[in-house]
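K.L.:
Just dropping this structure here.
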Amino acid sequence: MFSTKTLLFITILFLLGTFTFAAVDTFVYGGCSQTKYFPGSPYESNVNSLLTSFVSSASLYTYNNFTVNGISGGDGSVYGLYQCRGDLSLGSGDCARCVARAVSRLGSLCAGATGGALQLEGCFVKYDNSTFLGVEDKTVVVRRCGSPVGYNSDELTRRDSVVGYLSASGGGSYRVGVSGELQGVAQCTGDLSASECQDCLMEAIGRLKSDCGNAAWGDVYLAKCYARYTGRGGHSRGNGYGGNRDNNDDEIQKTLAIIVGLIAGVTLLVVLLSFMSKSCERVKGGK
């Protein structure tokens with residue numbers, strides 16, 4: 001039987017993994033088309049096939065896109081892509097888990113819809129009945145800014161430095177910048193060309209600078225790319241302005257409730273096993 005110390009060590013490792021993945025799994029935004037498909041239709045079957053392909057592929061690739069053709073390659077066709085954040089490795093399994101959770105949430109959020117998209121902290125999934133693959137789209141989906149920190153020249157200099165790293169052409173589709181306590185990240189979807197990616201990111205970064213001004217943190221998500229900056233300690237979207245905070249607060253509360261429940265359950269198990277171990281030792285000692 002495991003000793004109490006061993007059990008506590010296993011518990012700590014388990015909880016560390018839970019907290020780490022909670023950040024990857026945090027809800028950012030989701031949306032669905034207004035049009036619906038008929039239950040049991042070929043299109044429904046094609047959507048299910050597409051989403052299943054996302055989950056299967058995510059254990060092998062951090063980005064992929066699929067087309068499931070309908071009758072005669074037209075009616076009933078569905079197009080989609082998924083993408084994991086650039087720092088998530090395949091070996092850790094975080095990409096695959098994130099995509100699986102995103103697909104599950106998208107299936108619930110957009111049940112019966114002909115199109116839908118969902119962004120978690122660690123991954124993005126989207127499908128539609130009209131092709132969007134390889135098409136640049138700079139529509140603003142989400143814009144959130146933190147509380148103003150005042151016109152601190154050092155802070156603004158660091159922010160401009162971080163944004164400068166993200167703006168550099170030739171930086172690839174996933175970019176990270178750090179200056180002091182500030183860090184930034186930007187990413188395009190993998191279906192864009194290098195020039196389209198740069199164009200999309202410059203739009204997102206431009207809005208980040210103009211809209212969030214001297215805010216402590218900022219997020220700008222366009223349809224095909226995003227740019228963000230924050231302090232090393234992260235940020236709370238619930239304290240910002242310019243976005244839909246209700247959905248995010250609900251998701252954060254759900255995540256915290258799950259984590260608290262896990263802590264309580266594992267702690268109770270450790271105490272119970274420790275008590276049983278001591279009881280067994282007393283019985284052996286009394287013989």
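Residue numbering restarts at 1 for every chain of the structure tokens, chains are lettered A, B, ... in their displayed order, and ligands are numbered from 1 as they appear.
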Report as a Markdown table the residues of region 74-127 of chain A within 12 Å of region 156-178 of chain A, each with its shortest atom pair and distance in Å (one decimal), using only C-alpha atoms, ordered by chain and increasing residue number.
P.N.:
| residue | atom | partner | partner_atom | distance |
| --- | --- | --- | --- | --- |
| A:Gln83 | CA | A:Tyr174 | CA | 11.2 |
| A:Cys84 | CA | A:Tyr174 | CA | 10.3 |
| A:Arg85 | CA | A:Tyr174 | CA | 7.8 |
| A:Gly86 | CA | A:Tyr174 | CA | 5.6 |
| A:Asp87 | CA | A:Tyr174 | CA | 8.4 |
| A:Leu88 | CA | A:Tyr174 | CA | 11.2 |
K.L.:
Calculate how many Å separate CA of Glu196 (chain A) from CA of Gly116 (chain A), rounding to one decimal.
P.N.:
22.6 Å
K.L.:
What's the 7 Å shell around Tyr229 (chain A), counting only C-alpha atoms, without same-chain residues fewer than 6 positions away, as a count of residues only?
P.N.:
7
K.L.:
Residues within 10 Å of Gly91 (chain A), please, as number ranges by chain. Count only C-alpha atoms; anything in the same chain fewer than 5 positions from it doesn't count.
P.N.:
A: 59-60, 96
K.L.:
Could those selected residues go to a file with all heavy atoms, as a compact mmCIF listing (two decimals), in the first residue's frame?
P.N.:
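Wrote it out as again.txt, contents follow:
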# COMPACT_ATOMS: atom_id res chain seq x y z
N SER A 59 -4.04 14.30 -32.41
CA SER A 59 -2.97 13.57 -31.73
C SER A 59 -1.72 13.48 -32.61
O SER A 59 -0.65 13.10 -32.13
CB SER A 59 -3.44 12.16 -31.35
OG SER A 59 -3.80 11.43 -32.52
N LEU A 60 -1.86 13.86 -33.89
CA LEU A 60 -0.75 13.76 -34.84
C LEU A 60 -0.29 15.12 -35.36
O LEU A 60 0.89 15.30 -35.69
CB LEU A 60 -1.16 12.90 -36.04
CG LEU A 60 -1.58 11.47 -35.74
CD1 LEU A 60 -2.11 10.80 -37.00
CD2 LEU A 60 -0.42 10.67 -35.17
N ALA A 96 -4.33 17.44 -28.28
CA ALA A 96 -5.42 16.50 -28.55
C ALA A 96 -6.55 16.66 -27.54
O ALA A 96 -7.73 16.63 -27.90
CB ALA A 96 -4.89 15.06 -28.53
K.L.:
Per DSSP on the backbone, filter region 89-179 of chain A down to the residues in strand (DSSP E or B) and report them as a list in words.
P.N.:
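Taking region 89-179 of chain A and keeping strand (DSSP E or B) only, one gets Ala113, Gly116, Ala117, Leu118, Gln119, Leu120, Cys123, Phe124, Val125, Lys126, Tyr127, Asp128, Val140, Val141, Val142, Arg143, Arg144, Cys145, Pro148, Tyr174, Arg175, Val176, Gly177, Val178 and Ser179 of chain A.
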K.L.:
Please, what distance in Å, to one decimal, runs between CA of Val140 (chain A) and CA of Gly190 (chain A)?
P.N.:
18.3 Å
K.L.:
What separation in Å, quoted to one decimal, exists between CA of Gly76 (chain A) and CA of Ser130 (chain A)?
P.N.:
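Between CA of Gly76 (chain A) and CA of Ser130 (chain A) the gap is 9.7 Å.
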K.L.:
Quick one: DSSP helix (DSSP H, G or I) residues in region 23-266 of chain A, as an MDAnalysis selection string?
P.N.:
chainID A and resid 23:24 42:57 94:109 153:167 194:212 237:239 245:266
K.L.:
Using only C-alpha atoms, determine which residues lie at most 9 Å from Asp211 (chain A), disregarding the query and same-chain residues fewer than 2 positions distant; provide the list as a list in words.
P.N.:
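My reading of the contact set: Arg143, Arg144, Cys145, Gly206, Arg207, Leu208, Lys209, Gly213 and Gly218 of chain A.
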K.L.:
If we count only C-alpha atoms and set the cut-off at 10 Å, which residues sit around Tyr61 (chain A), ignoring sequence neighbours fewer than 2 positions away in its own chain? Please answer as a ChimeraX atom specification.
P.N.:
/A:54,56-59,63-64,82-84,89-90,95-96
K.L.:
Rank nothing, just name the residue among A:Gly80, A:Gly30, A:Gly146, A:Gly231 nearest to Asp191 (chain A), using only C-alpha atoms.
P.N.:
A:Gly80
